Amino acid sequence: MKRILYLIVFFTSFLTFAQQMTFKKGVVIDSLKVNDTIVESFALYLPTKFELSKPSPVLFIYDMQGRGEKVIRMFLTAAEKNQYVLAASNNVHDSLSLSKNVLVSKRLFQTVFNLFNIQKGRVYTGGFNGGARLASVMPTFINQIDGVISCGAVIANTEVLSSRNPFHFIGIVGVEDFNYPAMLQMKNTFDLLKLPNQTLVFDGGHQWPSQELLSQALELFDLKAMEKKVIPRDTAFIMETYAKNLNWTNKLLSDNNSLEAYRKLTEVQEIFKPLIDVDSLKNSLKTLKRSTVYKSQKRNQNSVLFKEALIKDDYNYYLEEDVLTYNYNNLGWWNYQMDELKKYKNSAMVHQRQMGIRLEAYLNALVADNIDMVRMNSPVDEEALNFLWMLKTITAPKDYSGYLNVISLNAKVEDFGTALFYLEELLKIGYDNIDELYALDNTALLRITPEFNALVDKYLNKARYDIIEE
């Protein structure tokens with residue numbers, strides 16, 4: 001049975017007040033008040049072996065929709081295994097400015113530091129996607145942060161990095177994530193600044209990594225803390241972790257992934273060199289680097305990454321031009337690009353397949369970003385928005401939102417021909433939400449036309465208005 005931890009906590013703000021708080025270990029607690037003077041809350045997790053008198057490491061996790069409990073659960077198994085306190089604000093949000101999110105973070109940090117015995121030198125941040133980007137800039141504003149776990153995202157602005165404000169950066173990314181090339185490049189940036197960093201790679205796309213990888217990231221923080229003598233060296237833990245990393249490398253080799261095995265073995269040498277004798281790895285690295293398989297895979301990846309960068313440049317250039325000029329004639333070119341991506345995704349070469357998946361995801365993210373930017377302008381450029389939604393039906397043909405928005409925007413200007421064309425394309429791909437369709441904005445006149453109801457009746461057999469044949 002899990003024990004319950006009782007604390008009497010004293011906060012100091014504009015007023016000093018006392019509040020009794022009850023924390024149950026081993027469960028996620030949500031909606032804890034940051035303090036009594038502001039309406040901010042956070043989620044918290046205390047590992048089952050947590051002791052108030054014993055200094056603990058803490059990981060502050062970021063979610064840009066303020067879903068503290070949900071984002072903590074992504075790290076739960078890893079935190080329990082490595083005995084980390086987890087905290088996540090319910091009030092950081094992508095609609096807030098960076099300065100406001102930083103202030104929310106500082107208040108949460110102070111509350112957690114007041115509540116618990118957090119060990120100096122073991123304060124970390126982490127997150128996925130937008131949350132990771134926010135987590136990675138926090139060391140610039142909060143100097144207590146010693147490390148960052150960034151899942152699926154690179155640091156938004158590398159200019160803020162400085163060897164005078166060092167922190168340990170751990171990037172975790174899937175080989176099919178469109179951020180994968182940038183994450184590899186990010187390691188070079190950290191290496192040049194001589195800042196500690198590792199990149200953990202997995203088979204997958206833009207998604208949360210496994211608990212195993214998140215746990216490995218926390219283990220890397222522990223090893224760095226031992227190296228810096230923040231915590232005592234645990235020889236058994238060091239050797240166990242070392243063996244586990246070598247097994248991981250051997251598995252990569254058995255899977256014929258010499259390129260990733262070499263990168264992994266290089267990092268193992270870098271991580272463990274200050275802690276144990278790793279001279280034996282030198283020969284392994286030399287042998288691996290000289291192998292025909294490694295050289296071939298290295299050449300293939302370099303070639304693919306170079307080509308990928310050129311294609312991304314094309315996407316950025318032509319999309320900007322097309323949006324500015326409402327270049328509907330170029331939709332055919334974008335359709336051709338999607339056909340090219342299909343060829344890459346079906347390639348016999350693994351690096352080309354991965355590139356095709358990354359480029360498709362990148363293009364959709366680029367279109368989504370442009371839609372957000374146009375929407376934020378006042379007044380909204382509806383012609384540009386219409387072009388972008390049309391483009392989305394090409395880049396994400398199974399996403400209903402593109403078709404619905406095109407129908408709505410064209411019905412608004414009474415271009416019923418275009419609206420009906422996209423309605424039929426929408427129905428062809430299996431859309432069947434009749435209530436949403438008949439409540440769509442700007443379509444009051446469109447949806448009473450015989451043509452509209454004939455299409456609905458043809459594909460769904462549910463037309464709401466009679467079709468009168470003359």
# chains A, B, ... in the order shown; residues from 1 in each chain; ligands from 1
$ residues_around --residues "range 325-329 of chain A" --least-positions-apart "6" --cutoff "7 Å" --atoms "only C-alpha atoms" --output "JSON, numbers by chain"
{"A": [383, 384, 387]}
$ residues_around --residues "range 279-287 of chain A" --least-positions-apart "5" --cutoff "8 Å" --atoms "only C-alpha atoms" --output "ChimeraX atom specification"
/A:262,265-266,269
$ select_by_dssp --residues "range 79-142 of chain A" --states "alpha helix (DSSP H)" --output "count of residues only"
34
$ residues_around --residues "range 416-423 of chain A" --least-positions-apart "5" --cutoff "10 Å" --atoms "only C-alpha atoms" --output "PDB file with N, CA, C and O atoms, in the first residue's frame"
ATOM      1  N   MET A 390      -6.753  24.500 -50.243  1.00  0.00           N
ATOM      2  CA  MET A 390      -6.735  23.665 -51.451  1.00  0.00           C
ATOM      3  C   MET A 390      -5.454  22.838 -51.512  1.00  0.00           C
ATOM      4  O   MET A 390      -5.467  21.650 -51.866  1.00  0.00           O
ATOM      5  N   THR A 393      -5.556  19.791 -49.355  1.00  0.00           N
ATOM      6  CA  THR A 393      -6.257  18.615 -49.888  1.00  0.00           C
ATOM      7  C   THR A 393      -5.339  17.776 -50.768  1.00  0.00           C
ATOM      8  O   THR A 393      -5.606  16.599 -51.012  1.00  0.00           O
ATOM      9  N   GLY A 402      -9.328  20.218 -44.856  1.00  0.00           N
ATOM     10  CA  GLY A 402      -8.980  20.982 -46.048  1.00  0.00           C
ATOM     11  C   GLY A 402     -10.180  21.169 -46.960  1.00  0.00           C
ATOM     12  O   GLY A 402     -10.491  22.283 -47.399  1.00  0.00           O
ATOM     13  N   TYR A 403     -10.892  20.072 -47.246  1.00  0.00           N
ATOM     14  CA  TYR A 403     -12.053  20.136 -48.122  1.00  0.00           C
ATOM     15  C   TYR A 403     -13.159  21.004 -47.520  1.00  0.00           C
ATOM     16  O   TYR A 403     -13.765  21.822 -48.224  1.00  0.00           O
ATOM     17  N   LEU A 404     -13.429  20.818 -46.229  1.00  0.00           N
ATOM     18  CA  LEU A 404     -14.514  21.567 -45.577  1.00  0.00           C
ATOM     19  C   LEU A 404     -14.248  23.062 -45.609  1.00  0.00           C
ATOM     20  O   LEU A 404     -15.160  23.864 -45.847  1.00  0.00           O
ATOM     21  N   ASN A 405     -13.008  23.449 -45.390  1.00  0.00           N
ATOM     22  CA  ASN A 405     -12.687  24.872 -45.408  1.00  0.00           C
ATOM     23  C   ASN A 405     -12.758  25.462 -46.811  1.00  0.00           C
ATOM     24  O   ASN A 405     -13.184  26.608 -46.988  1.00  0.00           O
ATOM     25  N   VAL A 406     -12.367  24.697 -47.812  1.00  0.00           N
ATOM     26  CA  VAL A 406     -12.485  25.173 -49.193  1.00  0.00           C
ATOM     27  C   VAL A 406     -13.958  25.344 -49.562  1.00  0.00           C
ATOM     28  O   VAL A 406     -14.353  26.348 -50.184  1.00  0.00           O
ATOM     29  N   ILE A 407     -14.790  24.389 -49.180  1.00  0.00           N
ATOM     30  CA  ILE A 407     -16.230  24.484 -49.458  1.00  0.00           C
ATOM     31  C   ILE A 407     -16.815  25.731 -48.806  1.00  0.00           C
ATOM     32  O   ILE A 407     -17.548  26.503 -49.433  1.00  0.00           O
ATOM     33  N   SER A 408     -16.453  25.960 -47.542  1.00  0.00           N
ATOM     34  CA  SER A 408     -16.977  27.105 -46.796  1.00  0.00           C
ATOM     35  C   SER A 408     -16.536  28.429 -47.421  1.00  0.00           C
ATOM     36  O   SER A 408     -17.359  29.340 -47.632  1.00  0.00           O
ATOM     37  N   LEU A 409     -15.236  28.551 -47.723  1.00  0.00           N
ATOM     38  CA  LEU A 409     -14.713  29.807 -48.266  1.00  0.00           C
ATOM     39  C   LEU A 409     -15.279  30.119 -49.649  1.00  0.00           C
ATOM     40  O   LEU A 409     -15.574  31.281 -49.970  1.00  0.00           O
ATOM     41  N   ASN A 410     -15.461  29.095 -50.482  1.00  0.00           N
ATOM     42  CA  ASN A 410     -15.974  29.343 -51.837  1.00  0.00           C
ATOM     43  C   ASN A 410     -17.487  29.553 -51.843  1.00  0.00           C
ATOM     44  O   ASN A 410     -18.005  30.309 -52.664  1.00  0.00           O
ATOM     45  N   ALA A 411     -18.183  28.913 -50.911  1.00  0.00           N
ATOM     46  CA  ALA A 411     -19.618  29.178 -50.783  1.00  0.00           C
ATOM     47  C   ALA A 411     -19.855  30.614 -50.320  1.00  0.00           C
ATOM     48  O   ALA A 411     -20.835  31.246 -50.713  1.00  0.00           O
ATOM     49  N   LYS A 428     -16.026  11.372 -51.737  1.00  0.00           N
ATOM     50  CA  LYS A 428     -15.343  10.225 -52.350  1.00  0.00           C
ATOM     51  C   LYS A 428     -14.380   9.540 -51.385  1.00  0.00           C
ATOM     52  O   LYS A 428     -14.151   8.333 -51.487  1.00  0.00           O
ATOM     53  N   TYR A 431     -16.050  10.686 -46.276  1.00  0.00           N
ATOM     54  CA  TYR A 431     -16.623  11.594 -45.270  1.00  0.00           C
ATOM     55  C   TYR A 431     -18.119  11.325 -45.149  1.00  0.00           C
ATOM     56  O   TYR A 431     -18.833  11.246 -46.156  1.00  0.00           O
ATOM     57  N   LEU A 437     -21.773  18.641 -42.070  1.00  0.00           N
ATOM     58  CA  LEU A 437     -21.848  19.136 -43.436  1.00  0.00           C
ATOM     59  C   LEU A 437     -22.973  20.155 -43.610  1.00  0.00           C
ATOM     60  O   LEU A 437     -22.791  21.206 -44.236  1.00  0.00           O
ATOM     61  N   THR A 443     -22.570  28.224 -45.857  1.00  0.00           N
ATOM     62  CA  THR A 443     -23.148  27.347 -46.888  1.00  0.00           C
ATOM     63  C   THR A 443     -24.677  27.338 -46.891  1.00  0.00           C
ATOM     64  O   THR A 443     -25.291  26.423 -47.454  1.00  0.00           O
ATOM     65  N   LEU A 445     -26.916  29.040 -48.530  1.00  0.00           N
ATOM     66  CA  LEU A 445     -27.470  29.014 -49.887  1.00  0.00           C
ATOM     67  C   LEU A 445     -27.034  27.760 -50.649  1.00  0.00           C
ATOM     68  O   LEU A 445     -27.824  27.174 -51.400  1.00  0.00           O
ATOM     69  N   LEU A 446     -25.783  27.359 -50.459  1.00  0.00           N
ATOM     70  CA  LEU A 446     -25.253  26.199 -51.186  1.00  0.00           C
ATOM     71  C   LEU A 446     -26.013  24.929 -50.846  1.00  0.00           C
ATOM     72  O   LEU A 446     -26.365  24.147 -51.737  1.00  0.00           O
ATOM     73  N   ARG A 447     -26.290  24.717 -49.582  1.00  0.00           N
ATOM     74  CA  ARG A 447     -26.853  23.434 -49.179  1.00  0.00           C
ATOM     75  C   ARG A 447     -28.348  23.264 -49.497  1.00  0.00           C
ATOM     76  O   ARG A 447     -28.897  22.178 -49.249  1.00  0.00           O
ATOM     77  N   THR A 449     -29.281  23.959 -52.648  1.00  0.00           N
ATOM     78  CA  THR A 449     -29.283  23.781 -54.098  1.00  0.00           C
ATOM     79  C   THR A 449     -29.479  22.307 -54.450  1.00  0.00           C
ATOM     80  O   THR A 449     -29.063  21.412 -53.699  1.00  0.00           O
ATOM     81  N   GLU A 451     -27.947  20.611 -56.691  1.00  0.00           N
ATOM     82  CA  GLU A 451     -26.650  19.977 -56.940  1.00  0.00           C
ATOM     83  C   GLU A 451     -26.016  19.475 -55.645  1.00  0.00           C
ATOM     84  O   GLU A 451     -25.455  18.379 -55.594  1.00  0.00           O
ATOM     85  N   PHE A 452     -26.081  20.296 -54.598  1.00  0.00           N
ATOM     86  CA  PHE A 452     -25.513  19.919 -53.298  1.00  0.00           C
ATOM     87  C   PHE A 452     -26.202  18.664 -52.769  1.00  0.00           C
ATOM     88  O   PHE A 452     -25.562  17.687 -52.373  1.00  0.00           O
ATOM     89  N   LEU A 455     -25.494  15.396 -54.653  1.00  0.00           N
ATOM     90  CA  LEU A 455     -24.211  14.767 -54.284  1.00  0.00           C
ATOM     91  C   LEU A 455     -24.319  14.048 -52.942  1.00  0.00           C
ATOM     92  O   LEU A 455     -23.813  12.926 -52.788  1.00  0.00           O
ATOM     93  N   VAL A 456     -24.965  14.684 -51.982  1.00  0.00           N
ATOM     94  CA  VAL A 456     -25.128  14.056 -50.664  1.00  0.00           C
ATOM     95  C   VAL A 456     -25.951  12.781 -50.794  1.00  0.00           C
ATOM     96  O   VAL A 456     -25.637  11.747 -50.187  1.00  0.00           O
TER      97      VAL A 456
END
$ select_by_dssp --residues "range 115-336 of chain A" --states "strand (DSSP E or B)" --output "number ranges by chain"
A: 118-128, 147-151, 168-174, 197-202
$ write_last_selection --atoms "N, CA, C and O atoms" --output "CSV table (one decimal), in the first residue's frame"
chain,number,residue,atom,x,y,z
A,118,ILE,N,14.9,19.7,-3.4
A,118,ILE,CA,15.4,19.4,-4.8
A,118,ILE,C,16.9,19.6,-4.8
A,118,ILE,O,17.5,20.6,-4.3
A,119,GLN,N,17.6,18.6,-5.3
A,119,GLN,CA,19.1,18.6,-5.3
A,119,GLN,C,19.6,19.6,-6.3
A,119,GLN,O,19.3,19.6,-7.4
A,120,LYS,N,20.5,20.4,-5.8
A,120,LYS,CA,21.2,21.4,-6.6
A,120,LYS,C,22.0,20.6,-7.7
A,120,LYS,O,22.7,19.7,-7.4
A,121,GLY,N,22.0,21.1,-8.9
A,121,GLY,CA,22.7,20.4,-10.0
A,121,GLY,C,21.9,19.3,-10.6
A,121,GLY,O,22.4,18.6,-11.6
A,122,ARG,N,20.6,19.1,-10.2
A,122,ARG,CA,19.8,18.0,-10.8
A,122,ARG,C,18.4,18.5,-11.2
A,122,ARG,O,17.4,17.9,-10.8
A,123,VAL,N,18.4,19.7,-11.8
A,123,VAL,CA,17.1,20.3,-12.2
A,123,VAL,C,17.0,20.3,-13.7
A,123,VAL,O,17.9,20.8,-14.4
A,124,TYR,N,16.0,19.6,-14.3
A,124,TYR,CA,15.9,19.4,-15.7
A,124,TYR,C,14.6,19.8,-16.3
A,124,TYR,O,13.6,19.9,-15.6
A,125,THR,N,14.5,20.1,-17.6
A,125,THR,CA,13.3,20.3,-18.3
A,125,THR,C,13.2,19.4,-19.5
A,125,THR,O,14.2,18.8,-19.9
A,126,GLY,N,12.0,19.2,-20.0
A,126,GLY,CA,11.8,18.3,-21.1
A,126,GLY,C,10.4,18.5,-21.7
A,126,GLY,O,9.5,19.2,-21.2
A,127,GLY,N,10.2,17.9,-22.9
A,127,GLY,CA,8.9,18.0,-23.5
A,127,GLY,C,9.0,17.4,-25.0
A,127,GLY,O,10.1,17.0,-25.4
A,128,PHE,N,7.9,17.5,-25.6
A,128,PHE,CA,7.8,17.0,-27.0
A,128,PHE,C,7.3,18.1,-27.9
A,128,PHE,O,6.4,18.9,-27.6
A,147,GLY,N,19.9,20.5,-17.4
A,147,GLY,CA,19.7,19.7,-18.6
A,147,GLY,C,18.4,19.7,-19.2
A,147,GLY,O,17.4,20.1,-18.6
A,148,VAL,N,18.3,19.3,-20.5
A,148,VAL,CA,17.1,19.4,-21.3
A,148,VAL,C,16.9,18.1,-22.0
A,148,VAL,O,17.8,17.6,-22.7
A,149,ILE,N,15.7,17.5,-22.0
A,149,ILE,CA,15.3,16.4,-22.9
A,149,ILE,C,14.4,17.0,-23.9
A,149,ILE,O,13.2,17.4,-23.6
A,150,SER,N,14.8,17.0,-25.2
A,150,SER,CA,14.0,17.5,-26.3
A,150,SER,C,13.6,16.4,-27.2
A,150,SER,O,14.4,15.9,-27.9
A,151,CYS,N,12.3,16.1,-27.2
A,151,CYS,CA,11.8,15.0,-28.0
A,151,CYS,C,11.2,15.6,-29.3
A,151,CYS,O,10.2,16.4,-29.2
A,168,HIS,N,23.1,20.3,-20.2
A,168,HIS,CA,23.3,19.0,-20.9
A,168,HIS,C,22.0,18.9,-21.8
A,168,HIS,O,20.9,18.8,-21.3
A,169,PHE,N,22.2,18.7,-23.1
A,169,PHE,CA,21.1,18.6,-24.0
A,169,PHE,C,21.0,17.2,-24.5
A,169,PHE,O,22.0,16.6,-25.0
A,170,ILE,N,19.8,16.6,-24.4
A,170,ILE,CA,19.6,15.2,-24.9
A,170,ILE,C,18.4,15.3,-25.9
A,170,ILE,O,17.3,15.6,-25.5
A,171,GLY,N,18.7,15.1,-27.2
A,171,GLY,CA,17.7,15.1,-28.2
A,171,GLY,C,17.3,13.7,-28.5
A,171,GLY,O,18.1,12.8,-28.6
A,172,ILE,N,16.0,13.5,-28.6
A,172,ILE,CA,15.4,12.2,-29.0
A,172,ILE,C,14.5,12.4,-30.2
A,172,ILE,O,13.6,13.2,-30.2
A,173,VAL,N,14.8,11.6,-31.3
A,173,VAL,CA,14.1,11.8,-32.5
A,173,VAL,C,14.0,10.5,-33.3
A,173,VAL,O,14.9,9.7,-33.3
A,174,GLY,N,12.9,10.4,-34.1
A,174,GLY,CA,12.7,9.3,-35.0
A,174,GLY,C,13.4,9.5,-36.3
A,174,GLY,O,13.4,10.7,-36.8
A,197,ASN,N,26.1,16.8,-24.8
A,197,ASN,CA,24.9,16.5,-25.5
A,197,ASN,C,24.9,15.1,-26.1
A,197,ASN,O,26.0,14.5,-26.3
A,198,GLN,N,23.8,14.5,-26.2
A,198,GLN,CA,23.6,13.2,-26.9
A,198,GLN,C,22.3,13.2,-27.7
A,198,GLN,O,21.4,14.0,-27.5
A,199,THR,N,22.3,12.4,-28.8
A,199,THR,CA,21.1,12.3,-29.6
A,199,THR,C,20.7,10.8,-29.6
A,199,THR,O,21.5,9.9,-30.1
A,200,LEU,N,19.5,10.5,-29.1
A,200,LEU,CA,19.0,9.2,-29.1
A,200,LEU,C,18.0,9.0,-30.3
A,200,LEU,O,17.1,9.8,-30.5
A,201,VAL,N,18.2,8.0,-31.1
A,201,VAL,CA,17.5,7.9,-32.3
A,201,VAL,C,16.6,6.6,-32.3
A,201,VAL,O,17.1,5.6,-31.8
A,202,PHE,N,15.4,6.6,-32.8
A,202,PHE,CA,14.6,5.4,-32.8
A,202,PHE,C,13.9,5.3,-34.2
A,202,PHE,O,13.8,6.3,-34.9
$ atom_distance --atom1 "CA of Lys224 in chain A" --atom2 "CA of Phe60 in chain A"
18.2 Å
$ atom_distance --atom1 "CA of Asp63 in chain A" --atom2 "CA of Ala361 in chain A"
20.8 Å
$ closest_residue --among "A:Met355, A:Asn330, A:Phe109, A:Leu427" --to "Lys343 in chain A" --atoms "only C-alpha atoms"
A:Met355
$ residues_around --residues "Ile434 in chain A" --least-positions-apart "2" --cutoff "9 Å" --atoms "only C-alpha atoms" --output "count of residues only"
10
$ atom_distance --atom1 "CA of Asp381 in chain A" --atom2 "CA of Leu331 in chain A"
18.5 Å
